[in-house]
Each structure stands twice: as structure tokens, then as C-alpha cells.
>>> print(open('run.pdb').read())   # PDB, C-alpha atoms, pLDDT in the B column
ATOM      1  CA  MET D   1       0.000   0.000   0.000  1.00 36.00           C
ATOM      2  CA  GLU D   2       2.823   2.409   0.800  1.00 35.00           C
ATOM      3  CA  LYS D   3       4.418   1.833  -2.613  1.00 42.00           C
ATOM      4  CA  MET D   4       1.113   2.601  -4.340  1.00 39.00           C
ATOM      5  CA  ASP D   5       0.776   5.820  -2.343  1.00 45.00           C
ATOM      6  CA  ASP D   6       4.317   6.847  -3.272  1.00 43.00           C
ATOM      7  CA  LYS D   7       3.598   6.237  -6.949  1.00 50.00           C
ATOM      8  CA  GLU D   8       0.368   8.208  -6.720  1.00 52.00           C
ATOM      9  CA  ASN D   9       2.215  11.190  -5.276  1.00 57.00           C
ATOM     10  CA  LEU D  10       4.983  11.372  -7.885  1.00 71.00           C
ATOM     11  CA  LYS D  11       5.380  14.878  -9.315  1.00 82.00           C
ATOM     12  CA  THR D  12       4.632  14.074 -12.950  1.00 89.00           C
ATOM     13  CA  VAL D  13       3.776  17.600 -14.182  1.00 94.00           C
ATOM     14  CA  GLU D  14       6.658  20.071 -14.271  1.00 93.00           C
ATOM     15  CA  SER D  15       5.026  23.444 -14.963  1.00 97.00           C
ATOM     16  CA  LEU D  16       1.299  24.157 -14.634  1.00 98.00           C
ATOM     17  CA  ALA D  17      -0.998  27.147 -14.191  1.00 98.00           C
ATOM     18  CA  VAL D  18      -4.637  26.486 -13.274  1.00 98.00           C
ATOM     19  CA  VAL D  19      -7.102  29.308 -13.970  1.00 98.00           C
ATOM     20  CA  MET D  20     -10.199  29.360 -11.767  1.00 98.00           C
ATOM     21  CA  PRO D  21     -12.879  31.993 -12.497  1.00 97.00           C
ATOM     22  CA  VAL D  22     -14.739  33.288  -9.449  1.00 98.00           C
ATOM     23  CA  TYR D  23     -18.067  35.089  -9.303  1.00 97.00           C
ATOM     24  CA  ASN D  24     -19.863  35.462  -5.952  1.00 97.00           C
ATOM     25  CA  GLU D  25     -18.351  32.283  -4.477  1.00 97.00           C
ATOM     26  CA  GLY D  26     -17.493  33.888  -1.154  1.00 97.00           C
ATOM     27  CA  LEU D  27     -18.976  31.083   0.937  1.00 97.00           C
ATOM     28  CA  HIS D  28     -16.712  28.397  -0.518  1.00 97.00           C
ATOM     29  CA  ILE D  29     -13.817  29.923  -2.437  1.00 98.00           C
ATOM     30  CA  TYR D  30     -11.344  30.054   0.473  1.00 98.00           C
ATOM     31  CA  ASP D  31     -11.696  26.342   1.199  1.00 98.00           C
ATOM     32  CA  ASN D  32     -11.875  25.404  -2.479  1.00 98.00           C
ATOM     33  CA  LEU D  33      -8.673  27.221  -3.398  1.00 98.00           C
ATOM     34  CA  LEU D  34      -6.722  25.624  -0.564  1.00 98.00           C
ATOM     35  CA  LYS D  35      -8.170  22.212  -1.416  1.00 98.00           C
ATOM     36  CA  ALA D  36      -7.315  22.650  -5.092  1.00 98.00           C
ATOM     37  CA  SER D  37      -3.752  23.674  -4.263  1.00 98.00           C
ATOM     38  CA  LYS D  38      -3.282  20.631  -2.053  1.00 98.00           C
ATOM     39  CA  ILE D  39      -4.519  18.341  -4.835  1.00 97.00           C
ATOM     40  CA  ILE D  40      -2.406  19.942  -7.569  1.00 98.00           C
ATOM     41  CA  GLY D  41       0.667  19.990  -5.349  1.00 97.00           C
ATOM     42  CA  ARG D  42       0.609  16.186  -5.249  1.00 96.00           C
ATOM     43  CA  PHE D  43       1.411  15.839  -8.954  1.00 97.00           C
ATOM     44  CA  ALA D  44       2.862  19.211 -10.069  1.00 97.00           C
ATOM     45  CA  SER D  45       6.339  20.321  -9.034  1.00 94.00           C
ATOM     46  CA  ASP D  46       5.964  23.924 -10.248  1.00 97.00           C
ATOM     47  CA  TYR D  47       2.432  25.300 -10.268  1.00 98.00           C
ATOM     48  CA  GLU D  48       0.181  28.230  -9.548  1.00 98.00           C
ATOM     49  CA  ILE D  49      -3.548  28.778  -9.196  1.00 98.00           C
ATOM     50  CA  ILE D  50      -4.789  31.959 -10.849  1.00 98.00           C
ATOM     51  CA  ALA D  51      -8.080  32.961  -9.218  1.00 98.00           C
ATOM     52  CA  VAL D  52      -9.858  35.494 -11.441  1.00 98.00           C
ATOM     53  CA  ASN D  53     -12.415  37.511  -9.487  1.00 98.00           C
ATOM     54  CA  ASP D  54     -14.971  38.447 -12.147  1.00 97.00           C
ATOM     55  CA  GLY D  55     -16.388  41.570 -10.487  1.00 97.00           C
ATOM     56  CA  SER D  56     -17.950  39.697  -7.578  1.00 98.00           C
ATOM     57  CA  THR D  57     -20.366  41.704  -5.435  1.00 97.00           C
ATOM     58  CA  ASP D  58     -19.854  39.578  -2.317  1.00 97.00           C
ATOM     59  CA  ASN D  59     -16.705  38.922  -0.255  1.00 98.00           C
ATOM     60  CA  SER D  60     -15.045  36.654  -2.843  1.00 98.00           C
ATOM     61  CA  LEU D  61     -12.016  38.911  -3.314  1.00 98.00           C
ATOM     62  CA  ASP D  62     -11.377  39.092   0.437  1.00 98.00           C
ATOM     63  CA  GLU D  63     -11.651  35.306   0.702  1.00 98.00           C
ATOM     64  CA  ILE D  64      -9.238  34.800  -2.192  1.00 98.00           C
ATOM     65  CA  ARG D  65      -6.741  37.107  -0.500  1.00 98.00           C
ATOM     66  CA  ARG D  66      -7.202  35.187   2.739  1.00 98.00           C
ATOM     67  CA  ALA D  67      -6.339  31.961   0.895  1.00 98.00           C
ATOM     68  CA  MET D  68      -3.284  33.641  -0.643  1.00 98.00           C
ATOM     69  CA  LYS D  69      -1.929  34.331   2.843  1.00 98.00           C
ATOM     70  CA  GLN D  70      -2.118  30.608   3.589  1.00 98.00           C
ATOM     71  CA  ASP D  71      -0.693  29.352   0.286  1.00 98.00           C
ATOM     72  CA  ASP D  72       1.764  31.218  -1.946  1.00 97.00           C
ATOM     73  CA  HIS D  73       0.811  29.074  -4.950  1.00 98.00           C
ATOM     74  CA  ILE D  74      -2.424  31.083  -5.161  1.00 98.00           C
ATOM     75  CA  ARG D  75      -2.605  34.505  -6.804  1.00 98.00           C
ATOM     76  CA  VAL D  76      -5.452  36.746  -7.874  1.00 98.00           C
ATOM     77  CA  VAL D  77      -6.474  38.731 -10.940  1.00 98.00           C
ATOM     78  CA  TYR D  78      -9.453  41.000 -10.367  1.00 97.00           C
ATOM     79  CA  TYR D  79     -11.546  43.861 -11.702  1.00 97.00           C
ATOM     80  CA  ASP D  80     -14.641  45.671 -10.463  1.00 96.00           C
ATOM     81  CA  VAL D  81     -17.275  45.005 -13.150  1.00 96.00           C
ATOM     82  CA  ASN D  82     -18.602  41.545 -14.031  1.00 96.00           C
ATOM     83  CA  HIS D  83     -17.726  40.658 -17.657  1.00 94.00           C
ATOM     84  CA  GLY D  84     -18.546  36.967 -17.879  1.00 90.00           C
ATOM     85  CA  LYS D  85     -16.847  33.623 -17.568  1.00 91.00           C
ATOM     86  CA  GLY D  86     -15.120  33.762 -20.955  1.00 91.00           C
ATOM     87  CA  TYR D  87     -13.553  37.139 -20.234  1.00 95.00           C
ATOM     88  CA  ALA D  88     -12.343  35.942 -16.835  1.00 96.00           C
ATOM     89  CA  VAL D  89     -10.798  32.734 -18.120  1.00 96.00           C
ATOM     90  CA  LYS D  90      -9.136  34.414 -21.106  1.00 95.00           C
ATOM     91  CA  LEU D  91      -7.642  37.127 -18.885  1.00 97.00           C
ATOM     92  CA  GLY D  92      -6.361  34.570 -16.400  1.00 97.00           C
ATOM     93  CA  MET D  93      -4.880  32.414 -19.154  1.00 97.00           C
ATOM     94  CA  SER D  94      -3.117  35.408 -20.686  1.00 96.00           C
ATOM     95  CA  THR D  95      -1.127  35.829 -17.446  1.00 97.00           C
ATOM     96  CA  SER D  96       0.133  32.231 -17.349  1.00 97.00           C
ATOM     97  CA  ALA D  97       3.905  31.824 -17.444  1.00 95.00           C
ATOM     98  CA  LYS D  98       3.880  28.012 -17.117  1.00 98.00           C
ATOM     99  CA  LYS D  99       4.353  25.445 -19.880  1.00 98.00           C
ATOM    100  CA  LEU D 100       0.841  24.082 -19.407  1.00 98.00           C
ATOM    101  CA  THR D 101      -2.279  26.092 -18.653  1.00 98.00           C
ATOM    102  CA  ALA D 102      -5.497  24.580 -17.359  1.00 98.00           C
ATOM    103  CA  PHE D 103      -8.983  25.868 -16.698  1.00 95.00           C
ATOM    104  CA  CYS D 104     -11.041  24.442 -13.849  1.00 96.00           C
ATOM    105  CA  ASP D 105     -14.332  25.598 -12.363  1.00 94.00           C
ATOM    106  CA  SER D 106     -13.886  26.969  -8.857  1.00 95.00           C
ATOM    107  CA  ASP D 107     -16.802  24.977  -7.393  1.00 93.00           C
ATOM    108  CA  LEU D 108     -14.600  21.843  -7.684  1.00 94.00           C
ATOM    109  CA  GLU D 109     -17.460  19.685  -8.955  1.00 91.00           C
ATOM    110  CA  LEU D 110     -14.726  18.561 -11.330  1.00 93.00           C
ATOM    111  CA  THR D 111     -11.627  17.832  -9.282  1.00 95.00           C
ATOM    112  CA  PRO D 112      -8.293  19.212 -10.576  1.00 97.00           C
ATOM    113  CA  LYS D 113      -6.862  15.772  -9.776  1.00 96.00           C
ATOM    114  CA  MET D 114      -7.958  14.793 -13.299  1.00 97.00           C
ATOM    115  CA  LEU D 115      -5.348  17.152 -14.761  1.00 97.00           C
ATOM    116  CA  LYS D 116      -2.674  14.620 -13.854  1.00 97.00           C
ATOM    117  CA  SER D 117      -4.051  12.012 -16.250  1.00 96.00           C
ATOM    118  CA  TYR D 118      -4.809  14.728 -18.813  1.00 97.00           C
ATOM    119  CA  ALA D 119      -1.163  15.815 -18.818  1.00 97.00           C
ATOM    120  CA  ARG D 120      -0.072  12.208 -19.266  1.00 97.00           C
ATOM    121  CA  ALA D 121      -2.516  11.736 -22.156  1.00 97.00           C
ATOM    122  CA  MET D 122      -1.269  14.980 -23.721  1.00 97.00           C
ATOM    123  CA  GLU D 123       2.324  13.761 -23.641  1.00 96.00           C
ATOM    124  CA  GLU D 124       1.526  10.273 -24.934  1.00 97.00           C
ATOM    125  CA  SER D 125      -0.766  11.431 -27.758  1.00 97.00           C
ATOM    126  CA  GLY D 126       1.067  14.584 -28.802  1.00 97.00           C
ATOM    127  CA  ALA D 127      -2.133  16.583 -28.299  1.00 98.00           C
ATOM    128  CA  ASP D 128      -2.064  20.349 -27.848  1.00 98.00           C
ATOM    129  CA  ILE D 129      -5.353  20.459 -25.945  1.00 98.00           C
ATOM    130  CA  VAL D 130      -7.033  17.917 -23.664  1.00 98.00           C
ATOM    131  CA  ILE D 131     -10.645  18.502 -22.680  1.00 97.00           C
ATOM    132  CA  GLY D 132     -12.890  16.798 -20.161  1.00 95.00           C
ATOM    133  CA  SER D 133     -15.988  15.251 -21.703  1.00 91.00           C
ATOM    134  CA  LYS D 134     -19.133  14.165 -19.899  1.00 87.00           C
ATOM    135  CA  MET D 135     -19.991  12.102 -22.986  1.00 79.00           C
ATOM    136  CA  HIS D 136     -16.776  10.077 -22.933  1.00 84.00           C
ATOM    137  CA  LYS D 137     -17.543   6.360 -22.607  1.00 82.00           C
ATOM    138  CA  ASN D 138     -15.497   6.138 -19.390  1.00 88.00           C
ATOM    139  CA  SER D 139     -16.986   9.211 -17.699  1.00 84.00           C
ATOM    140  CA  ARG D 140     -18.914   8.843 -14.452  1.00 86.00           C
ATOM    141  CA  VAL D 141     -21.475  11.608 -14.246  1.00 79.00           C
ATOM    142  CA  ASN D 142     -24.453  12.455 -12.092  1.00 72.00           C
ATOM    143  CA  TYR D 143     -26.155  15.687 -13.099  1.00 64.00           C
ATOM    144  CA  PRO D 144     -29.705  16.886 -13.883  1.00 64.00           C
ATOM    145  CA  PHE D 145     -31.602  15.734 -16.968  1.00 58.00           C
ATOM    146  CA  PHE D 146     -32.056  19.362 -18.082  1.00 58.00           C
ATOM    147  CA  ARG D 147     -28.306  19.836 -18.343  1.00 63.00           C
ATOM    148  CA  LYS D 148     -27.909  16.503 -20.159  1.00 62.00           C
ATOM    149  CA  PHE D 149     -30.557  17.600 -22.657  1.00 57.00           C
ATOM    150  CA  ILE D 150     -28.849  20.959 -23.209  1.00 62.00           C
ATOM    151  CA  SER D 151     -25.448  19.273 -23.631  1.00 64.00           C
ATOM    152  CA  TRP D 152     -26.706  16.888 -26.308  1.00 64.00           C
ATOM    153  CA  GLY D 153     -28.600  19.635 -28.121  1.00 63.00           C
ATOM    154  CA  TYR D 154     -25.553  21.910 -28.147  1.00 63.00           C
ATOM    155  CA  TYR D 155     -23.338  19.033 -29.315  1.00 63.00           C
ATOM    156  CA  ILE D 156     -25.551  18.496 -32.375  1.00 68.00           C
ATOM    157  CA  PHE D 157     -25.701  22.245 -33.029  1.00 66.00           C
ATOM    158  CA  LEU D 158     -21.907  22.563 -32.926  1.00 65.00           C
ATOM    159  CA  LYS D 159     -21.364  19.510 -35.108  1.00 64.00           C
ATOM    160  CA  LEU D 160     -23.543  21.053 -37.788  1.00 66.00           C
ATOM    161  CA  LEU D 161     -21.754  24.414 -37.580  1.00 68.00           C
ATOM    162  CA  PHE D 162     -18.100  23.445 -37.118  1.00 69.00           C
ATOM    163  CA  ASN D 163     -17.832  19.711 -37.950  1.00 69.00           C
ATOM    164  CA  LEU D 164     -15.775  19.191 -34.801  1.00 76.00           C
ATOM    165  CA  LYS D 165     -15.152  15.590 -33.804  1.00 78.00           C
ATOM    166  CA  LEU D 166     -15.785  16.484 -30.167  1.00 84.00           C
ATOM    167  CA  LYS D 167     -18.802  15.343 -28.188  1.00 79.00           C
ATOM    168  CA  ASP D 168     -18.587  17.826 -25.316  1.00 84.00           C
ATOM    169  CA  THR D 169     -17.031  21.287 -25.516  1.00 84.00           C
ATOM    170  CA  GLN D 170     -18.524  22.839 -22.386  1.00 82.00           C
ATOM    171  CA  THR D 171     -17.287  20.745 -19.449  1.00 89.00           C
ATOM    172  CA  GLY D 172     -15.364  22.941 -17.029  1.00 90.00           C
ATOM    173  CA  ILE D 173     -11.948  21.313 -17.043  1.00 96.00           C
ATOM    174  CA  LYS D 174      -9.407  21.642 -19.869  1.00 97.00           C
ATOM    175  CA  LEU D 175      -5.640  21.552 -20.343  1.00 98.00           C
ATOM    176  CA  TYR D 176      -3.650  23.455 -22.980  1.00 98.00           C
ATOM    177  CA  LYS D 177      -0.070  23.785 -24.091  1.00 98.00           C
ATOM    178  CA  THR D 178       0.527  27.435 -23.222  1.00 98.00           C
ATOM    179  CA  GLU D 179       2.460  28.203 -26.405  1.00 97.00           C
ATOM    180  CA  ALA D 180      -0.476  27.056 -28.544  1.00 97.00           C
ATOM    181  CA  LEU D 181      -2.999  28.734 -26.276  1.00 97.00           C
ATOM    182  CA  ARG D 182      -1.363  32.152 -26.675  1.00 96.00           C
ATOM    183  CA  ARG D 183      -1.738  31.932 -30.462  1.00 96.00           C
ATOM    184  CA  ILE D 184      -5.358  30.822 -30.206  1.00 96.00           C
ATOM    185  CA  LEU D 185      -6.379  33.504 -27.690  1.00 95.00           C
ATOM    186  CA  LYS D 186      -5.387  36.267 -30.128  1.00 92.00           C
ATOM    187  CA  ASN D 187      -8.530  35.389 -32.086  1.00 92.00           C
ATOM    188  CA  VAL D 188     -10.971  34.813 -29.217  1.00 91.00           C
ATOM    189  CA  GLU D 189     -13.539  37.561 -28.590  1.00 89.00           C
ATOM    190  CA  THR D 190     -16.373  35.856 -26.693  1.00 86.00           C
ATOM    191  CA  GLU D 191     -16.838  36.916 -23.065  1.00 84.00           C
ATOM    192  CA  GLY D 192     -19.690  34.582 -22.092  1.00 80.00           C
ATOM    193  CA  PHE D 193     -20.177  30.825 -21.784  1.00 75.00           C
ATOM    194  CA  SER D 194     -19.429  30.206 -25.491  1.00 82.00           C
ATOM    195  CA  PHE D 195     -15.739  31.029 -25.058  1.00 89.00           C
ATOM    196  CA  ASP D 196     -15.015  27.260 -24.835  1.00 89.00           C
ATOM    197  CA  ILE D 197     -16.287  26.551 -28.317  1.00 87.00           C
ATOM    198  CA  GLU D 198     -14.510  29.607 -29.751  1.00 91.00           C
ATOM    199  CA  ILE D 199     -11.146  28.443 -28.390  1.00 94.00           C
ATOM    200  CA  LEU D 200     -11.705  24.905 -29.670  1.00 92.00           C
ATOM    201  CA  ALA D 201     -13.062  26.007 -33.054  1.00 90.00           C
ATOM    202  CA  PHE D 202     -10.062  28.257 -33.666  1.00 93.00           C
ATOM    203  CA  ALA D 203      -7.694  25.552 -32.405  1.00 94.00           C
ATOM    204  CA  HIS D 204      -9.205  23.102 -34.881  1.00 91.00           C
ATOM    205  CA  LYS D 205      -9.014  25.654 -37.690  1.00 90.00           C
ATOM    206  CA  MET D 206      -5.362  26.337 -36.852  1.00 93.00           C
ATOM    207  CA  GLY D 207      -4.473  22.645 -36.970  1.00 93.00           C
ATOM    208  CA  TYR D 208      -3.975  21.911 -33.280  1.00 96.00           C
ATOM    209  CA  LYS D 209      -4.701  18.419 -31.989  1.00 97.00           C
ATOM    210  CA  ILE D 210      -7.543  18.096 -29.460  1.00 96.00           C
ATOM    211  CA  ILE D 211      -8.452  14.956 -27.528  1.00 96.00           C
ATOM    212  CA  GLU D 212     -11.240  14.193 -25.047  1.00 96.00           C
ATOM    213  CA  MET D 213     -10.799  12.527 -21.670  1.00 96.00           C
ATOM    214  CA  PRO D 214     -13.318  11.159 -19.169  1.00 95.00           C
ATOM    215  CA  VAL D 215     -14.542  13.082 -16.145  1.00 94.00           C
ATOM    216  CA  VAL D 216     -16.016  12.222 -12.784  1.00 89.00           C
ATOM    217  CA  LEU D 217     -18.839  14.632 -12.022  1.00 83.00           C
ATOM    218  CA  SER D 218     -21.262  14.702  -9.118  1.00 66.00           C
ATOM    219  CA  PHE D 219     -23.611  17.667  -9.377  1.00 62.00           C
ATOM    220  CA  SER D 220     -23.716  19.467  -6.004  1.00 57.00           C
ATOM    221  CA  ARG D 221     -25.732  22.702  -6.337  1.00 51.00           C
ATOM    222  CA  ASP D 222     -28.807  22.912  -4.134  1.00 46.00           C
ATOM    223  CA  ARG D 223     -32.372  23.476  -5.367  1.00 41.00           C
ATOM    224  CA  ASP D 224     -32.167  27.270  -5.069  1.00 42.00           C
ATOM    225  CA  ASN D 225     -28.900  27.393  -7.003  1.00 43.00           C
ATOM    226  CA  HIS D 226     -29.224  24.309  -9.178  1.00 43.00           C
ATOM    227  CA  SER D 227     -27.544  25.761 -12.243  1.00 48.00           C
ATOM    228  CA  LYS D 228     -26.010  28.934 -13.569  1.00 52.00           C
ATOM    229  CA  ILE D 229     -27.435  28.106 -16.994  1.00 54.00           C
ATOM    230  CA  ARG D 230     -30.822  29.710 -17.718  1.00 57.00           C
ATOM    231  CA  PHE D 231     -32.892  30.018 -20.883  1.00 54.00           C
ATOM    232  CA  GLY D 232     -31.499  33.531 -21.396  1.00 58.00           C
ATOM    233  CA  THR D 233     -27.988  32.087 -21.157  1.00 63.00           C
ATOM    234  CA  ILE D 234     -28.827  29.421 -23.739  1.00 64.00           C
ATOM    235  CA  PHE D 235     -30.240  32.034 -26.123  1.00 67.00           C
ATOM    236  CA  ASN D 236     -27.117  34.162 -25.752  1.00 73.00           C
ATOM    237  CA  MET D 237     -24.904  31.103 -26.324  1.00 72.00           C
ATOM    238  CA  ILE D 238     -26.686  30.401 -29.608  1.00 73.00           C
ATOM    239  CA  LYS D 239     -26.219  34.022 -30.737  1.00 76.00           C
ATOM    240  CA  GLU D 240     -22.565  34.003 -29.701  1.00 78.00           C
ATOM    241  CA  THR D 241     -21.965  30.681 -31.428  1.00 77.00           C
ATOM    242  CA  LEU D 242     -23.389  31.950 -34.721  1.00 80.00           C
ATOM    243  CA  LYS D 243     -21.066  34.968 -34.494  1.00 81.00           C
ATOM    244  CA  ILE D 244     -18.141  32.618 -33.843  1.00 83.00           C
ATOM    245  CA  ARG D 245     -19.095  30.676 -36.961  1.00 82.00           C
ATOM    246  CA  LYS D 246     -18.813  33.859 -39.032  1.00 82.00           C
ATOM    247  CA  ARG D 247     -15.381  34.649 -37.597  1.00 83.00           C
ATOM    248  CA  ILE D 248     -14.179  31.093 -38.189  1.00 84.00           C
ATOM    249  CA  LYS D 249     -15.302  31.147 -41.826  1.00 79.00           C
ATOM    250  CA  SER D 250     -13.389  34.361 -42.500  1.00 81.00           C
ATOM    251  CA  PHE D 251     -10.300  33.351 -40.505  1.00 79.00           C
ATOM    252  CA  ARG D 252      -7.013  32.633 -42.251  1.00 70.00           C
ATOM    253  CA  ALA D 253      -4.202  31.085 -40.255  1.00 61.00           C
ATOM    254  CA  GLU D 254      -0.829  32.801 -40.332  1.00 55.00           C
ATOM    255  CA  GLU D 255       1.552  31.412 -42.907  1.00 39.00           C
TER     256      GLU D 255
END
>>> encode(input="run.pdb", output="C-alpha cells")
Amino acid sequence: MEKMDDKENLKTVESLAVVMPVYNEGLHIYDNLLKASKIIGRFASDYEIIAVNDGSTDNSLDEIRRAMKQDDHIRVVYYDVNHGKGYAVKLGMSTSAKKLTAFCDSDLELTPKMLKSYARAMEESGADIVIGSKMHKNSRVNYPFFRKFISWGYYIFLKLLFNLKLKDTQTGIKLYKTEALRRILKNVETEGFSFDIEILAFAHKMGYKIIEMPVVLSFSRDRDNHSKIRFGTIFNMIKETLKIRKRIKSFRAEE
């Protein structure tokens, strides 16, 4: 048993930045950041967590700073006005100085522990981007039917628009080679939830290799806060996605 534990704790990732967007997560963000750092520290020898406070109106920024005092692997990027998840993640990613850059939701419904296997898969496959997929055959997921329905509907919509061989673009855990990510982000404009598909669509257009990996997901939001996705959000995602399609069609990769 001790040998297995030692193997599990080997530092297999050399240089990693994990971007975690934060909006009004004051009740949990302190504990979640420290928990995430502890998990990542088990497999990454050089890492940082970039908490991006997306104009929170609660005490999120204070709680992030409190976590920073406990763990110097945590740093914050912040601004006063809420811009949206895509804006927050893009800004956080743009500050990464590590070889690999990941994105992980700050609620930790998807544990950053999965980034260890994602980094291994990236190295073995030669992929530039590894994304978590709820629709992967080996995924273990437990989340509401409404979100499953939306995921499948969006998958079909994206397949028709972009012909991507990806079943799930929206799951909140992804890993990128930072060098490739910097080139891709130059073209990304979306500030809302559709930023995922814009990054992946441009990556595909630019010839980068993308692979999907399984996730373990146990939905944890209570009845009063069961999802951040509303019908208005879905409508805006459709509008944003159609705009992305126009930009993709007119895009020409640098020679």
C-alpha cells in the first residue's frame, strides 16, 4: 500500500498554471482554493492557481486574499465590473507563465486531480489540448436531466456548424499547451459561456490536436442554485456561437 501511495504522489507535471474563475463564491472559495492547491501539489512540481475575481459583489475577493496568505501558490487577478466567464478565463490564461495552462471551475465539482491524467494523455498522444468530456464512454457523471438535454442539443448544433469531432465542448476542465494557447487567444472575442467553443473552433481551424478525456462529475448545487445556466444564457450562447461561426469562416491562419 505504501508503494502505491508513493507512486500516486509522484510529481509528474513540471510546470502548470490552473485558472479558476470566481463570481460570488465567497462562501466556498477560500476552502476550495486551498483544497485545489493541495490536490495539484501532489502531482505538479511547479504550479500556480490563478483565481480570477470576475467583479464579484460579495466577499469573494477578500476570501481569495485570505487563501493567498495561507498558500503562496495562489494569486489573484481581479476587476470591479462583471464581464462573464469567458472574459475571466481568457484574462487569467493570458497571465500564465507556465508550460501548461489549465482551466477548472472553482466549485470543484470537477476535481483538478484529473489534470494529472490529462497531462499524461497529452504527452503520450502529442495533443495540444485535452478537454474533459461528460460524454466520454469512461466518464462517471451524475447531473440533472435538463443539463444533459442541453449538452446533447448543443453538441448536435456545434457539429452542424463546425464539424468538430468532439462530443462535449462545455465541461469545465481543460488543459492546454501554453504556447499554442497564446496563439489561439489572439482570435478569441467571446466573453460569455461560449468562449469554450470559440477556443476549440479556432484551435481546430489552426491545426492543433484536441483529444477528449473522461470526467467524474457529481452535481452538487442545491435546489435554489441548481444551475447557472438559464434560458437567457442558452439564447445568448446560440447568438454568440453563430457569431463565432462567421469569424471562423473568414479566418485565415498565419503562414
>>> atom_distance(input="run.pdb", atom1="CA of Ile211 (chain D)", atom2="CA of Ile199 (chain D)")
13.8 Å
>>> atom_distance(input="run.pdb", atom1="CA of Tyr30 (chain D)", atom2="CA of Lys69 (chain D)")
10.6 Å
>>> closest_residue(input="run.pdb", among="D:Glu212, D:Asp196, D:Glu124, D:Asp72", to="Phe103 (chain D)", atoms="only C-alpha atoms")
D:Asp196
>>> atom_distance(input="run.pdb", atom1="CA of Leu61 (chain D)", atom2="CA of Ile74 (chain D)")
12.5 Å
>>> resolve_selection(input="run.pdb", expression="the PyMOL selection byres ((chain D and resi 108) around 12)", output="count of residues only")
33
>>> closest_residue(input="run.pdb", among="D:Asp128, D:Glu14, D:Glu123, D:Glu198", to="Ile40 (chain D)", atoms="all atoms listed in the file")
D:Glu14
>>> resolve_selection(input="run.pdb", expression="the PyMOL selection byres ((chain D and resi 192) around 7)", output="ChimeraX atom specification")
/D:84-87,190-191,193-195
>>> write_last_selection(input="run.pdb", atoms="C-alpha atoms", output="JSON list (two decimals), in the coordinates of the input")
[["chain", "number", "residue", "atom", "x", "y", "z"],
["D", 84, "GLY", "CA", -18.55, 36.97, -17.88],
["D", 85, "LYS", "CA", -16.85, 33.62, -17.57],
["D", 86, "GLY", "CA", -15.12, 33.76, -20.96],
["D", 87, "TYR", "CA", -13.55, 37.14, -20.23],
["D", 190, "THR", "CA", -16.37, 35.86, -26.69],
["D", 191, "GLU", "CA", -16.84, 36.92, -23.06],
["D", 193, "PHE", "CA", -20.18, 30.82, -21.78],
["D", 194, "SER", "CA", -19.43, 30.21, -25.49],
["D", 195, "PHE", "CA", -15.74, 31.03, -25.06]]
>>> residues_around(input="run.pdb", residues="Leu200 (chain D)", least_positions_apart="6", cutoff="10 Å", atoms="all atoms listed in the file", output="list in words")
Ile129, Ile131, Phe162, Leu164, Leu166, Thr169, Ile184, Val188, Met206, Tyr208, Lys209 and Ile210 of chain D
>>> residues_around(input="run.pdb", residues="Asn82 (chain D)", least_positions_apart="2", cutoff="9 Å", atoms="all atoms listed in the file", output="list in words")
Tyr23, Asn53, Asp54, Gly55, Ser56, Thr57, Tyr79, Asp80, Gly84, Lys85 and Ala88 of chain D
>>> resolve_selection(input="run.pdb", expression="the PyMOL selection byres ((chain D and resi 178) around 12)", output="mmCIF file with C-alpha atoms, keeping the file's coordinate frame")
data_model
loop_
_atom_site.group_PDB
_atom_site.id
_atom_site.type_symbol
_atom_site.label_atom_id
_atom_site.label_comp_id
_atom_site.auth_asym_id
_atom_site.auth_seq_id
_atom_site.Cartn_x
_atom_site.Cartn_y
_atom_site.Cartn_z
ATOM 1 C CA SER D 15 5.026 23.444 -14.963
ATOM 2 C CA LEU D 16 1.299 24.157 -14.634
ATOM 3 C CA ALA D 17 -0.998 27.147 -14.191
ATOM 4 C CA VAL D 18 -4.637 26.486 -13.274
ATOM 5 C CA MET D 93 -4.880 32.414 -19.154
ATOM 6 C CA SER D 94 -3.117 35.408 -20.686
ATOM 7 C CA THR D 95 -1.127 35.829 -17.446
ATOM 8 C CA SER D 96 0.133 32.231 -17.349
ATOM 9 C CA ALA D 97 3.905 31.824 -17.444
ATOM 10 C CA LYS D 98 3.880 28.012 -17.117
ATOM 11 C CA LYS D 99 4.353 25.445 -19.880
ATOM 12 C CA LEU D 100 0.841 24.082 -19.407
ATOM 13 C CA THR D 101 -2.279 26.092 -18.653
ATOM 14 C CA ALA D 102 -5.497 24.580 -17.359
ATOM 15 C CA PHE D 103 -8.983 25.868 -16.698
ATOM 16 C CA ASP D 128 -2.064 20.349 -27.848
ATOM 17 C CA ILE D 129 -5.353 20.459 -25.945
ATOM 18 C CA LYS D 174 -9.407 21.642 -19.869
ATOM 19 C CA LEU D 175 -5.640 21.552 -20.343
ATOM 20 C CA TYR D 176 -3.650 23.455 -22.980
ATOM 21 C CA LYS D 177 -0.070 23.785 -24.091
ATOM 22 C CA GLU D 179 2.460 28.203 -26.405
ATOM 23 C CA ALA D 180 -0.476 27.056 -28.544
ATOM 24 C CA LEU D 181 -2.999 28.734 -26.276
ATOM 25 C CA ARG D 182 -1.363 32.152 -26.675
ATOM 26 C CA ARG D 183 -1.738 31.932 -30.462
ATOM 27 C CA ILE D 184 -5.358 30.822 -30.206
ATOM 28 C CA LEU D 185 -6.379 33.504 -27.690
#
>>> residues_around(input="run.pdb", residues="Arg75 (chain D)", least_positions_apart="3", cutoff="7 Å", atoms="all atoms listed in the file", output="list in words")
Ile49, Ile50, Ala51 and Met68 of chain D
>>> closest_residue(input="run.pdb", among="D:Leu115, D:Met213, D:Ile197, D:Leu91", to="Tyr78 (chain D)", atoms="all atoms listed in the file")
D:Leu91
>>> closest_residue(input="run.pdb", among="D:Lys11, D:Lys134, D:Arg252, D:Ser117", to="Gly207 (chain D)", atoms="only C-alpha atoms")
D:Arg252
